[in-house]
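Pasted below: my_file_1.cif, mmCIF, C-alpha atoms.
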data_structure
#
loop_
_atom_site.label_atom_id
_atom_site.label_comp_id
_atom_site.auth_asym_id
_atom_site.auth_seq_id
_atom_site.Cartn_x
_atom_site.Cartn_y
_atom_site.Cartn_z
CA MET A 3 182.98 27.77 -18.19
CA SER A 4 180.22 30.35 -18.61
CA ILE A 5 177.16 29.61 -20.72
CA ASN A 6 175.34 32.30 -22.65
CA PRO A 7 171.60 31.69 -22.11
CA ASN A 8 170.82 33.92 -25.10
CA PRO A 9 173.13 33.23 -28.08
CA GLY A 10 171.81 36.32 -29.86
CA VAL A 11 173.24 38.63 -27.19
CA LEU A 12 176.97 39.26 -26.81
CA LEU A 13 178.56 38.65 -23.41
CA TYR A 14 181.32 40.98 -22.23
CA PRO A 15 184.20 39.49 -20.23
CA ARG A 16 186.78 41.88 -18.78
CA ILE A 17 189.16 41.28 -21.69
CA ARG A 18 187.50 40.09 -24.87
CA LYS A 19 188.74 38.15 -27.87
CA SER A 20 188.12 39.61 -31.30
CA PRO A 21 186.05 37.58 -33.79
CA PHE A 22 189.36 36.77 -35.53
CA PHE A 23 191.37 35.93 -32.40
CA HIS A 24 191.73 32.20 -32.99
CA ALA A 25 192.41 32.63 -36.71
CA SER A 26 195.03 35.38 -36.34
CA LYS A 27 196.67 33.55 -33.44
CA ARG A 28 197.65 30.71 -35.79
CA HIS A 29 200.11 33.04 -37.56
CA GLY A 30 202.35 33.31 -34.49
CA VAL A 31 201.54 36.48 -32.56
CA GLY A 32 204.70 37.89 -31.00
CA LEU A 33 203.01 40.27 -28.58
CA TYR A 34 199.48 41.14 -27.53
CA SER A 35 198.28 44.42 -26.10
CA VAL A 36 194.80 45.30 -24.85
CA TYR A 37 192.81 47.81 -26.94
CA ASN A 38 189.17 48.63 -26.28
CA HIS A 39 189.14 45.88 -23.63
CA THR A 40 190.10 43.36 -26.33
CA TYR A 41 193.26 41.35 -27.02
CA HIS A 42 195.08 42.99 -29.92
CA PRO A 43 197.99 41.41 -31.87
CA ARG A 44 200.75 44.03 -31.59
CA HIS A 45 203.16 42.25 -33.94
CA TYR A 46 204.16 38.82 -35.19
CA GLY A 47 207.81 38.85 -34.20
CA ASP A 48 209.38 41.21 -36.74
CA PRO A 49 207.88 44.73 -36.87
CA VAL A 50 210.46 45.94 -39.39
CA GLY A 51 209.77 43.01 -41.70
CA GLU A 52 206.06 43.75 -41.34
CA TYR A 53 206.73 47.38 -42.33
CA TRP A 54 208.43 46.33 -45.58
CA ALA A 55 205.68 43.79 -46.31
CA LEU A 56 203.16 46.62 -46.02
CA LEU A 57 205.13 48.91 -48.35
CA ASP A 58 205.91 46.28 -50.98
CA GLY A 59 203.08 43.74 -50.90
CA VAL A 60 199.81 43.01 -49.13
CA THR A 61 199.09 42.53 -45.45
CA LEU A 62 196.18 41.28 -43.35
CA TRP A 63 195.38 42.72 -39.90
CA ASP A 64 193.10 41.57 -37.12
CA VAL A 65 191.46 44.87 -36.12
CA GLY A 66 188.43 43.40 -34.42
CA VAL A 67 189.38 45.70 -31.55
CA GLU A 68 187.87 48.56 -33.58
CA ARG A 69 184.55 48.20 -31.81
CA GLN A 70 181.57 49.80 -33.53
CA VAL A 71 179.09 52.15 -31.93
CA GLU A 72 175.96 52.04 -34.06
CA ILE A 73 173.57 55.01 -34.01
CA THR A 74 170.12 54.68 -35.59
CA GLY A 75 166.67 56.25 -35.13
CA SER A 76 164.82 59.27 -36.45
CA ASP A 77 167.21 61.68 -34.68
CA ALA A 78 170.38 59.76 -35.56
CA PHE A 79 171.77 62.36 -37.95
CA GLU A 80 171.12 65.29 -35.60
CA PHE A 81 172.58 63.38 -32.68
CA THR A 82 175.71 62.19 -34.49
CA ASN A 83 176.30 65.65 -35.93
CA MET A 84 176.23 66.94 -32.35
CA LEU A 85 178.93 64.46 -31.27
CA VAL A 86 181.61 65.66 -33.70
CA PRO A 87 183.05 69.03 -34.79
CA ARG A 88 182.93 68.10 -38.50
CA ASP A 89 179.89 69.23 -40.45
CA LEU A 90 178.14 65.97 -41.34
CA THR A 91 175.80 67.70 -43.77
CA LYS A 92 178.83 67.31 -46.05
CA CYS A 93 178.95 63.53 -45.47
CA LYS A 94 177.01 61.53 -48.07
CA VAL A 95 175.38 58.18 -47.46
CA GLY A 96 178.10 55.64 -48.23
CA GLN A 97 180.89 58.03 -47.27
CA CYS A 98 183.40 57.70 -44.42
CA LYS A 99 184.94 60.53 -42.41
CA TYR A 100 187.79 60.74 -39.92
CA VAL A 101 186.32 62.62 -36.97
CA PHE A 102 187.00 63.70 -33.42
CA ILE A 103 184.45 63.17 -30.67
CA THR A 104 184.92 66.17 -28.41
CA ALA A 105 184.05 66.78 -24.78
CA GLU A 106 182.43 69.93 -23.41
CA ASP A 107 185.90 71.44 -22.76
CA GLY A 108 187.13 70.67 -26.29
CA GLY A 109 189.16 67.63 -25.28
CA ILE A 110 189.30 64.63 -27.59
CA ILE A 111 187.32 61.63 -26.33
CA ASN A 112 188.03 59.49 -29.42
CA ASP A 113 189.04 59.81 -33.06
CA PRO A 114 187.03 57.18 -34.92
CA VAL A 115 186.34 56.67 -38.58
CA LEU A 116 182.65 57.44 -39.09
CA LEU A 117 180.72 55.41 -41.67
CA ARG A 118 177.39 56.79 -42.86
CA LEU A 119 175.43 53.72 -43.90
CA GLY A 120 172.05 55.46 -44.31
CA GLU A 121 170.35 58.79 -43.79
CA ASN A 122 169.97 57.95 -40.10
CA HIS A 123 172.41 55.05 -39.74
CA PHE A 124 175.99 55.54 -38.55
CA TRP A 125 178.89 53.44 -37.30
CA LEU A 126 181.71 54.94 -35.25
CA SER A 127 184.74 52.67 -35.72
CA LEU A 128 186.50 53.41 -32.47
CA ALA A 129 190.03 54.12 -31.36
CA ASP A 130 191.07 52.99 -27.87
CA SER A 131 188.62 54.74 -25.55
CA ASP A 132 185.05 54.15 -24.41
CA VAL A 133 182.35 56.00 -26.34
CA MET A 134 179.15 53.97 -26.15
CA LEU A 135 178.28 54.96 -22.57
CA TRP A 136 179.10 58.60 -23.35
CA ALA A 137 176.73 58.49 -26.32
CA LYS A 138 174.02 56.65 -24.39
CA GLY A 139 174.18 59.16 -21.54
CA LEU A 140 173.89 62.11 -23.90
CA ALA A 141 170.96 60.56 -25.74
CA TYR A 142 169.12 59.87 -22.49
CA HIS A 143 169.78 63.36 -21.15
CA LEU A 144 168.60 65.02 -24.37
CA GLY A 145 165.60 62.74 -24.88
CA MET A 146 166.43 62.14 -28.53
CA ASP A 147 164.98 59.33 -30.63
CA VAL A 148 168.14 57.30 -31.15
CA GLN A 149 169.16 53.72 -30.57
CA ILE A 150 172.80 53.23 -29.59
CA ARG A 151 174.36 49.79 -29.43
CA GLU A 152 177.41 47.73 -30.28
CA PRO A 153 176.50 45.56 -33.27
CA ASP A 154 177.99 42.11 -33.89
CA VAL A 155 180.43 43.55 -36.41
CA GLY A 156 184.17 42.99 -36.71
CA PRO A 157 186.62 44.57 -39.17
CA VAL A 158 189.83 43.33 -40.73
CA GLN A 159 192.23 45.43 -42.78
CA ILE A 160 193.85 44.48 -46.09
CA GLN A 161 196.62 46.98 -46.71
CA GLY A 162 199.48 47.52 -49.15
CA PRO A 163 199.94 48.11 -52.89
CA LYS A 164 198.84 44.56 -53.79
CA SER A 165 195.64 44.85 -51.75
CA ARG A 166 193.85 45.74 -54.99
CA ASP A 167 194.69 42.33 -56.45
CA VAL A 168 193.39 40.45 -53.41
CA MET A 169 190.22 42.53 -53.32
CA VAL A 170 189.55 41.86 -57.01
CA ASP A 171 189.96 38.14 -56.41
CA LEU A 172 187.48 38.38 -53.52
CA PHE A 173 184.87 40.78 -54.94
CA GLY A 174 185.54 41.26 -58.65
CA GLU A 175 186.73 44.29 -60.62
CA SER A 176 183.84 46.47 -59.43
CA ILE A 177 185.47 46.81 -56.02
CA LEU A 178 188.06 49.09 -57.63
CA ASP A 179 185.28 51.63 -58.25
CA VAL A 180 184.99 52.36 -54.51
CA PRO A 181 186.51 55.84 -53.97
CA TYR A 182 188.88 56.74 -51.15
CA TYR A 183 186.95 57.00 -47.87
CA TYR A 184 183.73 55.46 -49.21
CA ALA A 185 182.02 52.19 -48.29
CA VAL A 186 179.76 49.67 -50.04
CA ASP A 187 177.73 46.62 -49.04
CA ARG A 188 178.86 43.29 -50.47
CA GLU A 189 178.30 39.58 -50.02
CA LEU A 190 181.27 37.23 -49.79
CA ASP A 191 180.74 33.46 -49.71
CA GLY A 192 177.38 33.91 -48.02
CA MET A 193 178.69 36.49 -45.52
CA GLN A 194 177.33 40.04 -45.40
CA VAL A 195 180.07 42.66 -45.24
CA VAL A 196 180.70 46.39 -45.61
CA VAL A 197 183.87 47.20 -47.56
CA SER A 198 185.52 50.61 -47.07
CA ARG A 199 188.58 52.06 -48.72
CA THR A 200 190.19 53.13 -45.46
CA GLY A 201 193.02 52.03 -43.18
CA TYR A 202 195.62 52.91 -40.57
CA THR A 203 198.57 53.05 -42.96
CA ALA A 204 198.33 55.84 -45.55
CA GLU A 205 198.97 53.06 -48.07
CA LEU A 206 196.43 51.71 -50.53
CA GLY A 207 194.08 49.58 -48.48
CA TYR A 208 190.64 48.40 -47.50
CA GLU A 209 188.69 47.42 -44.42
CA ILE A 210 186.11 44.64 -44.45
CA TYR A 211 183.44 44.95 -41.74
CA LEU A 212 181.78 41.60 -41.13
CA HIS A 213 178.19 41.26 -39.95
CA ASN A 214 177.53 38.32 -37.59
CA ALA A 215 181.22 38.47 -36.76
CA SER A 216 180.99 36.29 -33.65
CA ARG A 217 179.73 33.49 -35.90
CA ASP A 218 181.69 34.01 -39.12
CA GLY A 219 184.97 35.62 -38.02
CA VAL A 220 187.19 32.60 -38.65
CA LYS A 221 185.41 31.87 -41.93
CA LEU A 222 186.06 35.39 -43.23
CA TRP A 223 189.70 35.27 -42.14
CA ASN A 224 190.27 31.94 -43.90
CA THR A 225 188.52 33.18 -47.05
CA ILE A 226 190.75 36.26 -47.22
CA TRP A 227 193.89 34.28 -46.45
CA GLU A 228 193.14 31.78 -49.21
CA ALA A 229 192.76 34.66 -51.70
CA GLY A 230 195.85 36.45 -50.38
CA GLU A 231 198.38 33.62 -50.25
CA PRO A 232 199.02 33.60 -54.04
CA HIS A 233 199.88 37.31 -53.75
CA GLY A 234 202.34 36.79 -50.89
CA MET A 235 200.01 38.09 -48.19
CA ARG A 236 201.53 38.50 -44.71
CA VAL A 237 199.70 38.86 -41.41
CA ILE A 238 200.96 41.85 -39.42
CA GLY A 239 200.06 44.06 -36.47
CA PRO A 240 199.47 47.82 -36.53
CA CYS A 241 202.44 49.36 -38.33
CA HIS A 242 203.38 52.30 -36.14
CA ILE A 243 206.41 53.12 -38.26
CA ARG A 244 204.19 53.80 -41.25
CA ARG A 245 201.50 55.67 -39.33
CA ILE A 246 204.12 57.95 -37.75
CA GLU A 247 205.66 58.63 -41.16
CA ALA A 248 202.18 59.51 -42.42
CA GLY A 249 201.23 61.85 -39.58
CA ILE A 250 198.48 59.53 -38.30
CA LEU A 251 197.83 60.11 -34.60
CA SER A 252 197.25 57.46 -31.94
CA TRP A 253 194.67 58.02 -29.22
CA GLY A 254 196.25 57.52 -25.81
CA CYS A 255 199.67 58.62 -27.06
CA ASP A 256 199.42 61.72 -29.26
CA ILE A 257 195.83 62.67 -28.41
CA THR A 258 193.89 62.19 -25.18
CA TYR A 259 191.04 63.68 -23.18
CA ASP A 260 193.49 66.44 -22.19
CA THR A 261 194.37 67.57 -25.72
CA ASN A 262 192.22 69.61 -28.06
CA PRO A 263 192.18 69.61 -31.89
CA PHE A 264 194.05 72.91 -32.17
CA GLU A 265 196.96 71.58 -30.13
CA VAL A 266 197.39 68.49 -32.31
CA GLY A 267 197.27 70.23 -35.69
CA TYR A 268 193.56 70.15 -36.52
CA GLY A 269 191.57 73.36 -36.41
CA PHE A 270 193.95 76.12 -37.44
CA GLU A 271 195.47 74.17 -40.34
CA LYS A 272 192.64 71.74 -41.14
CA THR A 273 189.49 73.76 -40.59
CA TRP A 274 187.29 71.05 -42.09
CA MET A 275 187.98 68.90 -39.00
CA VAL A 276 186.69 71.58 -36.62
CA ASP A 277 184.01 73.56 -38.45
CA LEU A 278 183.14 76.42 -36.10
CA ASP A 279 181.05 78.14 -38.79
CA GLN A 280 178.51 75.35 -39.14
CA GLU A 281 174.99 75.87 -37.86
CA ALA A 282 175.00 72.79 -35.61
CA ASP A 283 175.88 73.38 -31.95
CA PHE A 284 178.11 70.37 -31.39
CA ILE A 285 179.49 69.40 -27.99
CA GLY A 286 182.59 71.46 -27.23
CA LYS A 287 181.83 74.16 -29.79
CA ALA A 288 181.86 77.06 -27.31
CA ALA A 289 185.09 75.83 -25.74
CA LEU A 290 186.79 75.41 -29.11
CA GLN A 291 185.66 78.87 -30.21
CA ARG A 292 187.26 80.27 -27.09
CA ILE A 293 190.46 78.26 -27.62
CA LYS A 294 190.72 79.47 -31.20
CA SER A 295 190.23 83.07 -30.10
CA GLU A 296 192.68 82.94 -27.18
CA GLY A 297 195.27 80.74 -28.86
CA ILE A 298 197.04 77.66 -27.56
CA SER A 299 199.95 77.34 -25.16
CA ARG A 300 201.39 74.08 -26.55
CA LYS A 301 201.47 72.17 -29.81
CA LEU A 302 202.22 68.70 -31.16
CA VAL A 303 205.18 68.97 -33.53
CA GLY A 304 207.19 66.63 -35.68
CA VAL A 305 210.72 65.90 -34.51
CA GLU A 306 213.80 64.22 -35.90
CA ILE A 307 215.92 62.66 -33.17
CA SER A 308 219.61 61.90 -33.53
CA GLY A 309 221.48 58.93 -32.10
CA PRO A 310 220.92 55.18 -32.29
CA SER A 311 217.59 53.67 -33.34
CA VAL A 312 214.76 54.15 -30.87
CA GLY A 313 213.09 51.01 -32.24
CA SER A 314 210.00 50.24 -34.27
CA PHE A 315 207.68 52.00 -31.82
CA ASN A 316 208.35 53.91 -28.63
CA ASP A 317 205.38 55.16 -26.68
CA GLY A 318 206.55 55.17 -23.08
CA GLU A 319 210.29 54.86 -22.56
CA MET A 320 211.00 58.24 -24.08
CA VAL A 321 209.04 60.97 -22.36
CA ASP A 322 211.23 64.00 -21.87
CA ALA A 323 212.06 66.91 -24.15
CA PHE A 324 214.36 69.73 -23.08
CA ASP A 325 215.42 73.16 -24.28
CA VAL A 326 218.85 72.67 -25.83
CA HIS A 327 219.90 76.17 -24.71
CA ASP A 328 218.74 75.82 -21.10
CA PRO A 329 221.77 75.09 -18.86
CA ARG A 330 219.43 74.01 -16.05
CA GLY A 331 217.98 71.23 -18.20
CA LEU A 332 214.36 71.81 -17.26
CA ARG A 333 211.85 69.47 -18.87
CA ILE A 334 209.58 71.36 -21.28
CA GLY A 335 207.52 68.65 -22.94
CA GLU A 336 207.28 65.02 -23.99
CA VAL A 337 207.72 62.81 -27.00
CA THR A 338 204.38 61.08 -27.52
CA SER A 339 205.31 58.62 -30.32
CA ALA A 340 208.61 57.83 -32.00
CA CYS A 341 210.25 55.20 -34.17
CA TYR A 342 213.20 54.58 -36.44
CA SER A 343 212.07 54.84 -40.07
CA PRO A 344 213.99 52.33 -42.23
CA ARG A 345 213.00 54.23 -45.37
CA LEU A 346 214.03 57.67 -44.09
CA GLN A 347 216.96 56.15 -42.13
CA ARG A 348 216.41 58.33 -39.09
CA ASN A 349 214.44 58.54 -35.87
CA ILE A 350 211.19 60.45 -36.21
CA GLY A 351 208.27 61.19 -33.92
CA TYR A 352 205.88 63.68 -32.38
CA ALA A 353 206.47 65.86 -29.34
CA MET A 354 204.09 68.04 -27.34
CA VAL A 355 205.99 71.24 -26.58
CA PRO A 356 205.24 74.80 -25.43
CA ILE A 357 204.15 77.05 -28.29
CA ALA A 358 207.46 78.92 -28.08
CA TYR A 359 209.21 75.78 -29.36
CA HIS A 360 206.92 74.87 -32.28
CA GLU A 361 208.76 76.69 -35.07
CA LEU A 362 210.50 74.53 -37.68
CA GLY A 363 214.20 74.23 -36.97
CA THR A 364 213.86 74.66 -33.20
CA GLU A 365 216.51 72.58 -31.45
CA LEU A 366 215.64 70.32 -28.53
CA VAL A 367 217.21 67.60 -26.43
CA VAL A 368 215.26 64.36 -26.14
CA HIS A 369 216.02 61.64 -23.61
CA THR A 370 215.80 58.25 -25.32
CA GLN A 371 216.72 54.81 -24.04
CA HIS A 372 220.24 55.69 -25.23
CA GLY A 373 220.49 58.86 -23.14
CA PRO A 374 220.17 62.54 -24.14
CA GLN A 375 220.02 63.10 -27.92
CA GLU A 376 219.85 66.18 -30.10
CA ALA A 377 216.52 66.74 -31.85
CA VAL A 378 214.99 69.30 -34.18
CA VAL A 379 211.41 70.34 -34.97
CA VAL A 380 210.48 69.42 -38.55
CA GLU A 381 207.45 69.40 -40.83
CA LYS A 382 204.89 66.63 -40.41
CA PRO A 383 203.78 64.38 -41.92
CA PHE A 384 207.19 63.07 -42.84
CA LEU A 385 205.98 61.50 -46.11
CA ASP A 386 203.23 62.08 -48.70
CA PRO A 387 201.46 65.05 -47.07
CA THR A 388 198.65 65.08 -49.66
CA LYS A 389 197.87 61.34 -49.22
CA ASP A 390 198.50 60.60 -52.89
CA ILE A 391 199.56 57.01 -52.12
CA PRO A 392 196.24 55.75 -50.67
CA LYS A 393 194.17 57.87 -53.05
CA ARG A 394 195.88 56.60 -56.19
CA LEU A 395 194.45 53.37 -57.58
CA VAL A 396 195.46 51.80 -60.89
CA ARG A 397 193.28 49.08 -62.35
CA ALA A 398 196.01 46.44 -62.24
CA SER A 399 199.36 45.98 -60.53
CA ALA A 400 202.44 46.82 -62.53
#

Full structure transcribed into structure tokens:
Amino acid sequence: MSINPNPGVLLYPRIRKSPFFHASKRHGVGLYSVYNHTYHPRHYGDPVGEYWALLDGVTLWDVGVERQVEITGSDAFEFTNMLVPRDLTKCKVGQCKYVFITAEDGGIINDPVLLRLGENHFWLSLADSDVMLWAKGLAYHLGMDVQIREPDVGPVQIQGPKSRDVMVDLFGESILDVPYYYAVDRELDGMQVVVSRTGYTAELGYEIYLHNASRDGVKLWNTIWEAGEPHGMRVIGPCHIRRIEAGILSWGCDITYDTNPFEVGYGFEKTWMVDLDQEADFIGKAALQRIKSEGISRKLVGVEISGPSVGSFNDGEMVDAFDVHDPRGLRIGEVTSACYSPRLQRNIGYAMVPIAYHELGTELVVHTQHGPQEAVVVEKPFLDPTKDIPKRLVRASA
């Protein structure tokens, strides 16, 4: 047993437990994965049942694996604006932004949600890759006045159409005034929290970021669960079916260090994500300007895949995509994420393919766990392309 000689400083074992680990474990975790060096509940035994609970009710997620990189100091805005290709002069205090952190070659190091808590106070709520040492190294090299650390903060997500009712019970009616992708400070039963209207679902939802999470994690979880039980709350893992339907990408599957924003659908189509006209000289800007000028040789596309169900989430068994007209059967690309959508009643996913195969209607052959299957390139996202579902908020449930 190790003893922490300084209780105010976090210790870092090789694989960590989230602040909610012991509380979420009580609900019967079916499978853990490791995400940001932290145990992460993958599901609780029935991913399809969890999907329907998310669509029809309210769900609670342990997302303490979303480690925060906090950036403060007099140069914090300038430094953070340099990390990302979005123009943060358009990000107000109290606003959240989905951002890429790009490398010097334009590759994607991470795709966090950025929270601007003050003029020079930012959190980067990370996906599954290391960022803090990258940021610390850049700050040291540039000699900027910034402090970069991992605060004792842990988030949970409350997602689904009935999340509004649970949040009102927890915080009162005023919580419904928080706009989509904004955040506010609140106090809950003596605990200091930041509440944002964000989530990994494209459903109505919120995230609650708890200060002093190593101390109060179980208390927060129990407080939310007590408020949620009357509304039929269910504890679930990350719902990959819903995020694939919604066109939400997963770092390590659909995006990596080796992909750039233009290849994965951000840049040409969504110019706000990669603002090459802004004055700031962010990291990777020159490379991304060159990539935009020269064009890309491959692209992440949506695919529908025939045949039996590929399951609730497939991120490794199914890797090969082939040209349906090529008698030699040469591999041309890979399926990066796929699932069977119960609502759409078909297999859907993303595939990275040569640019010659990106047009809608292009036929492919995909090797699944059931053998070779016909596939076709389709529009993505598969549902609600304008994000009307998470943006829409009525004052009371029907």

Query raised in the report: Got a sec to resolve the PyMOL selection byres ((chain A and resi 178) around 9) on this structure and send the residues as a VMD selection string?
Result: chain A and resid 166 169 to 170 174 to 177 179 to 181 395 to 397

Query raised in the report: Which residues fall under the PyMOL selection byres ((chain A and resi 285) around 9) in this file, as number ranges by chain?
Result: A: 84-87, 103-108, 283-284, 286-289

Query raised in the report: What lies within 10 Å of Thr261 in chain A using all atoms listed in the file, ignoring chain neighbours under 2 positions off, as a list of chain:residue names?
Result: A:Thr104, A:Asp107, A:Gly108, A:Gly109, A:Ile110, A:Ile111, A:Asp256, A:Ile257, A:Thr258, A:Tyr259, A:Pro263, A:Phe264, A:Glu265, A:Val266, A:Arg300, A:Lys301, A:Leu302, A:Met354

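Ranking A:Ser299, A:Gln70, A:Ser20, A:Gln291 by their shortest atom-to-atom distance to His360 in chain A, with all atoms listed in the file included, puts A:Ser299 first.
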
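Using only C-alpha atoms, the smallest distance between any of A:Glu247, A:Glu68, A:Glu189, A:Asp325 and Glu209 in chain A comes from A:Glu68.
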
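Computed from the coordinates, the CA of Ile243 in chain A to CA of Tyr46 in chain A distance equals 14.8 Å.
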
I need the residue set behind the PyMOL selection byres ((chain A and resi 255) around 9) for this file; please write it as an mmCIF file with C-alpha atoms, in the frame of the given file.
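In the end it all went to out.cif:
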data_model
loop_
_atom_site.group_PDB
_atom_site.id
_atom_site.type_symbol
_atom_site.label_atom_id
_atom_site.label_comp_id
_atom_site.auth_asym_id
_atom_site.auth_seq_id
_atom_site.Cartn_x
_atom_site.Cartn_y
_atom_site.Cartn_z
ATOM 1 C CA LEU A 251 197.830 60.110 -34.600
ATOM 2 C CA SER A 252 197.250 57.460 -31.940
ATOM 3 C CA TRP A 253 194.670 58.020 -29.220
ATOM 4 C CA GLY A 254 196.250 57.520 -25.810
ATOM 5 C CA ASP A 256 199.420 61.720 -29.260
ATOM 6 C CA ILE A 257 195.830 62.670 -28.410
ATOM 7 C CA THR A 258 193.890 62.190 -25.180
ATOM 8 C CA ASP A 317 205.380 55.160 -26.680
ATOM 9 C CA GLY A 318 206.550 55.170 -23.080
ATOM 10 C CA THR A 338 204.380 61.080 -27.520
ATOM 11 C CA SER A 339 205.310 58.620 -30.320
#

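For the choices A:Val326, A:Ala215, A:Leu385, A:Val378, the atom-to-atom distance to Ala248 in chain A is smallest for A:Leu385 when using only C-alpha atoms.
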
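Relative to CA of Asp277 in chain A, CA of Lys92 in chain A is found at 11.1 Å.
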
**Report entry** Residues within 12 Å of Glu361 in chain A, all atoms listed in the file, excluding chain neighbours under 2 positions, as a ChimeraX atom specification
**Finding:** /A:300-305,355-359,363-366,378-381

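Interatomic distance, CA of Gly51 in chain A against CA of Phe315 in chain A: 13.5 Å.
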
Query raised in the report: Counting all atoms listed in the file, what is within 7 Å of range 196-201 of chain A, bar same-chain residues fewer than 3 positions away, as a PyMOL selection string?
Result: chain A and resi 159+180-188+204+207-212

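Considering the residues A:Leu119, A:Lys27, A:Asn38, A:Asp218 and counting only C-alpha atoms, Asp132 in chain A has its shortest atom-to-atom contact with A:Asn38.
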
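Taking only C-alpha atoms into account, Thr82 in chain A lies nearest to A:Leu140 out of the set A:Leu140, A:Ile391, A:Val50, A:Leu56.
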
Query raised in the report: Looking at only C-alpha atoms, which of A:His39, A:Lys294, A:Lys389, A:His242 is the one that sits closest to Asn316 in chain A?
Result: A:His242

Report task. Do a neighbour search on Ala55 in chain A at 10 Å with all atoms listed in the file, toss out local chain neighbours closer than 6 positions, and write the hits as a list in words. Result -> Pro49, Thr61, Gln161, Gly162, Pro163, Gly234, Met235, Arg236, Val237 and Ile238 of chain A

Compile the contact shell of Phe23 in chain A as an mmCIF file with C-alpha atoms, in the frame of the given file: residues with an atom at most 9 Å away, counting all atoms listed in the file, same-chain residues fewer than 4 positions apart removed.
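File produced: selection-v1.cif:
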data_model
loop_
_atom_site.group_PDB
_atom_site.id
_atom_site.type_symbol
_atom_site.label_atom_id
_atom_site.label_comp_id
_atom_site.auth_asym_id
_atom_site.auth_seq_id
_atom_site.Cartn_x
_atom_site.Cartn_y
_atom_site.Cartn_z
ATOM 1 C CA LYS A 19 188.740 38.150 -27.870
ATOM 2 C CA LYS A 27 196.670 33.550 -33.440
ATOM 3 C CA ARG A 28 197.650 30.710 -35.790
ATOM 4 C CA TYR A 41 193.260 41.350 -27.020
ATOM 5 C CA HIS A 42 195.080 42.990 -29.920
ATOM 6 C CA PRO A 43 197.990 41.410 -31.870
ATOM 7 C CA ASP A 64 193.100 41.570 -37.120
ATOM 8 C CA GLY A 66 188.430 43.400 -34.420
ATOM 9 C CA GLY A 219 184.970 35.620 -38.020
ATOM 10 C CA VAL A 220 187.190 32.600 -38.650
#

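Within 6 Å of the point (201.8, 64.5, -41.6), and counting all atoms listed in the file, the protein, DNA and RNA residues are Ala248, Gly249, Lys382, Pro383, Phe384 and Pro387 of chain A.
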